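Data block for query_13.tsv (TSV, N, CA and C atoms and all ligand atoms):
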chain	number	residue	atom	x	y	z
A	1	MET	N	15.35	2.45	-26.99
A	1	MET	CA	13.92	2.31	-26.65
A	1	MET	C	13.75	1.25	-25.57
A	2	THR	N	12.89	1.53	-24.68
A	2	THR	CA	12.66	0.57	-23.60
A	2	THR	C	11.21	0.13	-23.59
A	3	HIS	N	11.00	-1.05	-23.16
A	3	HIS	CA	9.65	-1.58	-23.04
A	3	HIS	C	9.34	-1.88	-21.58
A	4	PRO	N	8.63	-0.99	-20.93
A	4	PRO	CA	8.37	-1.17	-19.49
A	4	PRO	C	7.28	-2.21	-19.22
A	5	ASP	N	7.49	-3.38	-19.77
A	5	ASP	CA	6.48	-4.41	-19.55
A	5	ASP	C	6.95	-5.36	-18.45
A	6	SER	N	7.06	-4.81	-17.26
A	6	SER	CA	7.52	-5.61	-16.14
A	6	SER	C	6.41	-6.58	-15.73
A	7	PRO	N	6.79	-7.74	-15.28
A	7	PRO	CA	5.78	-8.73	-14.86
A	7	PRO	C	5.02	-8.26	-13.63
A	8	ALA	N	3.89	-8.86	-13.41
A	8	ALA	CA	3.02	-8.43	-12.31
A	8	ALA	C	3.70	-8.57	-10.96
A	9	GLU	N	4.63	-9.50	-10.86
A	9	GLU	CA	5.25	-9.73	-9.55
A	9	GLU	C	6.20	-8.59	-9.18
A	10	ALA	N	6.56	-7.76	-10.15
A	10	ALA	CA	7.55	-6.72	-9.89
A	10	ALA	C	6.91	-5.37	-9.60
A	11	LEU	N	5.76	-5.36	-8.98
A	11	LEU	CA	5.14	-4.10	-8.62
A	11	LEU	C	6.02	-3.36	-7.62
A	12	PRO	N	6.16	-2.06	-7.82
A	12	PRO	CA	7.07	-1.31	-6.95
A	12	PRO	C	6.43	-0.96	-5.61
A	13	CYS	N	7.30	-0.69	-4.67
A	13	CYS	CA	6.89	-0.21	-3.34
A	13	CYS	C	6.10	1.08	-3.50
A	14	SER	N	5.12	1.28	-2.61
A	14	SER	CA	4.27	2.46	-2.71
A	14	SER	C	4.88	3.71	-2.08
A	15	ALA	N	5.97	3.53	-1.36
A	15	ALA	CA	6.59	4.70	-0.71
A	15	ALA	C	7.07	5.68	-1.77
A	16	ARG	N	6.91	6.95	-1.47
A	16	ARG	CA	7.23	7.96	-2.45
A	16	ARG	C	8.70	7.87	-2.86
A	17	GLY	N	8.97	7.79	-4.13
A	17	GLY	CA	10.34	7.80	-4.62
A	17	GLY	C	11.04	6.46	-4.54
A	18	CYS	N	10.38	5.44	-4.02
A	18	CYS	CA	11.01	4.14	-3.89
A	18	CYS	C	10.66	3.28	-5.09
A	19	ARG	N	11.67	2.67	-5.68
A	19	ARG	CA	11.44	1.82	-6.85
A	19	ARG	C	11.75	0.36	-6.56
A	20	THR	N	11.94	0.05	-5.32
A	20	THR	CA	12.22	-1.33	-4.96
A	20	THR	C	10.97	-2.19	-5.15
A	21	PRO	N	11.13	-3.37	-5.72
A	21	PRO	CA	9.97	-4.25	-5.85
A	21	PRO	C	9.36	-4.55	-4.48
A	22	ALA	N	8.05	-4.43	-4.40
A	22	ALA	CA	7.38	-4.60	-3.12
A	22	ALA	C	7.33	-6.07	-2.71
A	23	ARG	N	7.38	-6.29	-1.42
A	23	ARG	CA	7.28	-7.65	-0.90
A	23	ARG	C	6.12	-7.81	0.04
A	24	TRP	N	5.49	-6.70	0.41
A	24	TRP	CA	4.39	-6.75	1.37
A	24	TRP	C	3.20	-5.95	0.87
A	25	ALA	N	2.04	-6.41	1.22
A	25	ALA	CA	0.82	-5.67	0.91
A	25	ALA	C	0.18	-5.23	2.22
A	26	LEU	N	0.06	-3.93	2.41
A	26	LEU	CA	-0.57	-3.39	3.60
A	26	LEU	C	-2.01	-3.02	3.25
A	27	ARG	N	-2.92	-3.68	3.89
A	27	ARG	CA	-4.33	-3.43	3.59
A	27	ARG	C	-4.88	-2.50	4.66
A	28	TRP	N	-5.51	-1.43	4.21
A	28	TRP	CA	-5.97	-0.46	5.18
A	28	TRP	C	-7.32	0.10	4.78
A	29	ASN	N	-7.91	0.78	5.75
A	29	ASN	CA	-9.24	1.35	5.57
A	29	ASN	C	-9.34	2.60	6.43
A	30	ASN	N	-9.75	3.67	5.84
A	30	ASN	CA	-9.99	4.89	6.59
A	30	ASN	C	-11.50	5.02	6.79
A	31	PRO	N	-11.96	4.78	8.02
A	31	PRO	CA	-13.41	4.75	8.27
A	31	PRO	C	-14.10	6.07	7.90
A	32	ARG	N	-13.33	7.14	7.86
A	32	ARG	CA	-13.93	8.43	7.52
A	32	ARG	C	-14.19	8.56	6.03
A	33	LEU	N	-13.44	7.81	5.25
A	33	LEU	CA	-13.55	7.93	3.80
A	33	LEU	C	-14.13	6.69	3.14
A	34	HIS	N	-13.98	5.55	3.80
A	34	HIS	CA	-14.33	4.29	3.15
A	34	HIS	C	-15.37	3.53	3.95
A	35	ARG	N	-16.12	2.71	3.25
A	35	ARG	CA	-17.00	1.78	3.94
A	35	ARG	C	-16.14	0.78	4.70
A	36	PRO	N	-16.68	0.23	5.80
A	36	PRO	CA	-15.88	-0.66	6.65
A	36	PRO	C	-15.29	-1.85	5.92
A	37	GLU	N	-16.00	-2.36	4.92
A	37	GLU	CA	-15.51	-3.56	4.23
A	37	GLU	C	-14.51	-3.23	3.12
A	38	ARG	N	-14.35	-1.96	2.84
A	38	ARG	CA	-13.45	-1.54	1.78
A	38	ARG	C	-12.00	-1.71	2.22
A	39	ARG	N	-11.13	-2.08	1.29
A	39	ARG	CA	-9.71	-2.19	1.58
A	39	ARG	C	-8.90	-1.47	0.52
A	40	LYS	N	-8.04	-0.59	0.99
A	40	LYS	CA	-7.04	-0.02	0.10
A	40	LYS	C	-5.75	-0.78	0.35
A	41	THR	N	-4.89	-0.81	-0.64
A	41	THR	CA	-3.65	-1.57	-0.49
A	41	THR	C	-2.45	-0.70	-0.82
A	42	TRP	N	-1.51	-0.67	0.10
A	42	TRP	CA	-0.22	-0.10	-0.19
A	42	TRP	C	0.76	-1.25	-0.29
A	43	LEU	N	1.66	-1.14	-1.25
A	43	LEU	CA	2.71	-2.14	-1.36
A	43	LEU	C	3.97	-1.59	-0.74
A	44	ALA	N	4.72	-2.46	-0.11
A	44	ALA	CA	5.92	-1.99	0.58
A	44	ALA	C	7.07	-2.96	0.41
A	45	CYS	N	8.27	-2.39	0.31
A	45	CYS	CA	9.48	-3.21	0.34
A	45	CYS	C	9.83	-3.45	1.81
A	46	ASP	N	10.86	-4.24	2.05
A	46	ASP	CA	11.25	-4.51	3.43
A	46	ASP	C	11.60	-3.23	4.19
A	47	THR	N	12.22	-2.29	3.48
A	47	THR	CA	12.66	-1.06	4.12
A	47	THR	C	11.48	-0.20	4.57
A	48	HIS	N	10.45	-0.13	3.75
A	48	HIS	CA	9.36	0.80	4.03
A	48	HIS	C	8.18	0.18	4.75
A	49	ARG	N	8.18	-1.13	4.89
A	49	ARG	CA	7.05	-1.76	5.56
A	49	ARG	C	6.82	-1.19	6.97
A	50	PRO	N	7.89	-1.02	7.79
A	50	PRO	CA	7.66	-0.48	9.14
A	50	PRO	C	7.11	0.95	9.12
A	51	SER	N	7.67	1.81	8.25
A	51	SER	CA	7.23	3.20	8.29
A	51	SER	C	5.81	3.35	7.74
A	52	LEU	N	5.51	2.66	6.66
A	52	LEU	CA	4.15	2.72	6.13
A	52	LEU	C	3.17	2.07	7.12
A	53	GLY	N	3.59	0.96	7.72
A	53	GLY	CA	2.74	0.28	8.68
A	53	GLY	C	2.47	1.14	9.91
A	54	ASP	N	3.53	1.81	10.40
A	54	ASP	CA	3.36	2.66	11.57
A	54	ASP	C	2.43	3.82	11.27
A	55	PHE	N	2.58	4.37	10.08
A	55	PHE	CA	1.74	5.49	9.69
A	55	PHE	C	0.27	5.10	9.74
A	56	LEU	N	-0.04	3.96	9.16
A	56	LEU	CA	-1.42	3.50	9.13
A	56	LEU	C	-1.89	3.06	10.51
A	57	ASN	N	-1.02	2.38	11.22
A	57	ASN	CA	-1.39	1.86	12.53
A	57	ASN	C	-1.66	2.99	13.51
A	58	ALA	N	-0.86	4.05	13.44
A	58	ALA	CA	-1.02	5.17	14.35
A	58	ALA	C	-2.40	5.81	14.20
A	59	ARG	N	-2.96	5.69	13.02
A	59	ARG	CA	-4.28	6.29	12.77
A	59	ARG	C	-5.41	5.28	12.86
A	60	GLY	N	-5.02	4.05	13.17
A	60	GLY	CA	-6.05	3.02	13.29
A	60	GLY	C	-6.58	2.56	11.94
A	61	PHE	N	-5.81	2.78	10.87
A	61	PHE	CA	-6.27	2.41	9.54
A	61	PHE	C	-5.84	1.00	9.13
A	62	LEU	N	-4.74	0.53	9.73
A	62	LEU	CA	-4.14	-0.72	9.25
A	62	LEU	C	-5.03	-1.91	9.60
A	63	ARG	N	-5.31	-2.73	8.61
A	63	ARG	CA	-6.15	-3.91	8.84
A	63	ARG	C	-5.32	-5.18	8.81
A	64	GLU	N	-4.44	-5.30	7.82
A	64	GLU	CA	-3.60	-6.48	7.77
A	64	GLU	C	-2.39	-6.24	6.89
A	65	VAL	N	-1.37	-7.02	7.14
A	65	VAL	CA	-0.16	-6.98	6.32
A	65	VAL	C	0.07	-8.39	5.81
A	66	ALA	N	0.16	-8.52	4.50
A	66	ALA	CA	0.32	-9.84	3.92
A	66	ALA	C	1.54	-9.86	3.01
A	67	PRO	N	2.29	-10.96	3.04
A	67	PRO	CA	3.39	-11.10	2.07
A	67	PRO	C	2.83	-11.08	0.66
A	68	MET	N	3.52	-10.41	-0.24
A	68	MET	CA	3.03	-10.28	-1.61
A	68	MET	C	2.69	-11.63	-2.24
A	69	GLY	N	3.55	-12.62	-2.01
A	69	GLY	CA	3.35	-13.91	-2.65
A	69	GLY	C	2.06	-14.59	-2.25
A	70	GLU	N	1.60	-14.28	-1.02
A	70	GLU	CA	0.42	-14.96	-0.52
A	70	GLU	C	-0.82	-14.08	-0.59
A	71	SER	N	-0.62	-12.87	-1.09
A	71	SER	CA	-1.77	-11.98	-1.20
A	71	SER	C	-2.62	-12.41	-2.40
A	72	PRO	N	-3.85	-12.83	-2.16
A	72	PRO	CA	-4.68	-13.38	-3.23
A	72	PRO	C	-4.94	-12.38	-4.34
A	73	THR	N	-5.36	-11.20	-3.98
A	73	THR	CA	-5.62	-10.19	-5.00
A	73	THR	C	-5.12	-8.84	-4.52
A	74	LEU	N	-4.79	-8.01	-5.45
A	74	LEU	CA	-4.36	-6.67	-5.10
A	74	LEU	C	-5.39	-5.70	-5.64
A	75	ASP	N	-6.54	-5.70	-5.03
A	75	ASP	CA	-7.55	-4.76	-5.48
A	75	ASP	C	-7.23	-3.38	-4.94
A	76	GLU	N	-7.24	-2.43	-5.83
A	76	GLU	CA	-7.08	-1.05	-5.43
A	76	GLU	C	-5.77	-0.75	-4.76
A	77	TRP	N	-4.71	-1.38	-5.17
A	77	TRP	CA	-3.43	-1.00	-4.59
A	77	TRP	C	-3.05	0.36	-5.09
A	78	THR	N	-2.35	1.10	-4.27
A	78	THR	CA	-2.02	2.47	-4.59
A	78	THR	C	-0.57	2.56	-5.03
A	79	ARG	N	-0.34	3.18	-6.16
A	79	ARG	CA	0.99	3.19	-6.74
A	79	ARG	C	1.96	4.01	-5.91
A	80	THR	N	1.54	5.13	-5.39
A	80	THR	CA	2.41	5.93	-4.54
A	80	THR	C	1.64	6.38	-3.32
A	81	THR	N	2.36	6.89	-2.35
A	81	THR	CA	1.70	7.38	-1.14
A	81	THR	C	1.39	8.87	-1.26
A	82	LYS	N	1.31	9.34	-2.50
A	82	LYS	CA	0.99	10.75	-2.73
A	82	LYS	C	-0.28	11.13	-1.99
A	83	GLY	N	-1.23	10.25	-2.03
A	83	GLY	CA	-2.49	10.52	-1.36
A	83	GLY	C	-2.51	9.92	0.03
A	84	TRP	N	-1.63	10.37	0.89
A	84	TRP	CA	-1.67	9.89	2.27
A	84	TRP	C	-3.10	10.01	2.78
A	85	PRO	N	-3.54	9.05	3.53
A	85	PRO	CA	-4.92	9.11	4.02
A	85	PRO	C	-5.05	10.08	5.18
A	86	ARG	N	-4.65	11.29	4.97
A	86	ARG	CA	-4.71	12.25	6.07
A	86	ARG	C	-6.15	12.64	6.32
A	87	GLU	N	-6.36	13.08	7.51
A	87	GLU	CA	-7.71	13.43	7.91
A	87	GLU	C	-8.11	14.71	7.19
A	88	ARG	N	-9.27	14.68	6.62
A	88	ARG	CA	-9.72	15.85	5.89
A	88	ARG	C	-10.86	16.49	6.65
A	89	GLU	N	-10.85	17.80	6.65
A	89	GLU	CA	-11.94	18.50	7.29
A	89	GLU	C	-12.93	18.86	6.22
A	90	GLU	N	-14.11	18.40	6.40
A	90	GLU	CA	-15.14	18.61	5.35
A	90	GLU	C	-15.60	20.05	5.41
B	101	ZN	ZN	10.23	1.06	-0.42
Would it be possible to restate this file's structure as structure tokens?
Ligand SMILES: [Zn+2]
Amino acid sequence: MTHPDSPAEALPCSARGCRTPARWALRWNNPRLHRPERRKTWLACDTHRPSLGDFLNARGFLREVAPMGESPTLDEWTRTTKGWPREREE
């Protein structure tokens, strides 16, 4: 039997299939879906920070990247990138 009671600091990277503990918080906002002041958070390990960052940056969604240790709060962090913020046609 296992007890998956990992401490808060061990949140996993948001990249699909990655279980590495995250070290970065990527804060982003999709103006088409979110209010301007809203922030979604993806967590990333060192390996995935560039690819997740590029993905968001290419779409103009990326607002800031903060080291996990210095990130004050993780409101609305996303566990996986299953819901890529792709553009939706209404
Ligand atoms: Zn990762």
Show me which residues are within 6.5 Å of ligand ZN 101 (chain B) counting only N, CA and C atoms and all ligand atoms, and format the list as JSON, numbers by chain.
{"A": [13, 14, 15, 18, 19, 20, 44, 45, 46, 47, 48, 49]}
Do you know which residues are at most 9 Å from segment 62-69 of chain A counting only C-alpha atoms, after dropping those on the same chain fewer than 4 positions away, and could you put them as a VMD selection string?
chain A and resid 9 22 to 30 39 43 49 53 to 58 74
Atom C of Ala10 of chain A and atom C of His34 of chain A, how far apart in Å?
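Atom-to-atom, atom C of His34 of chain A to atom C of Ala10 of chain A, that is 27.6 Å.
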Selected residue, from A:Pro31, A:Thr41, A:Pro12, A:Pro21, that lies nearest to Phe61 of chain A when counting only C-alpha atoms
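Of the candidates, the smallest distance to Phe61 of chain A is held by A:Pro31.
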How far is it from atom C of Thr78 of chain A to atom C of Trp42 of chain A, in Å with one decimal?
6.2 Å
Computed interatomic separation between atom C of Leu11 of chain A and atom C of Arg38 of chain A (Å)
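Straight-line distance from atom C of Leu11 of chain A to atom C of Arg38 of chain A works out to 20.6 Å.
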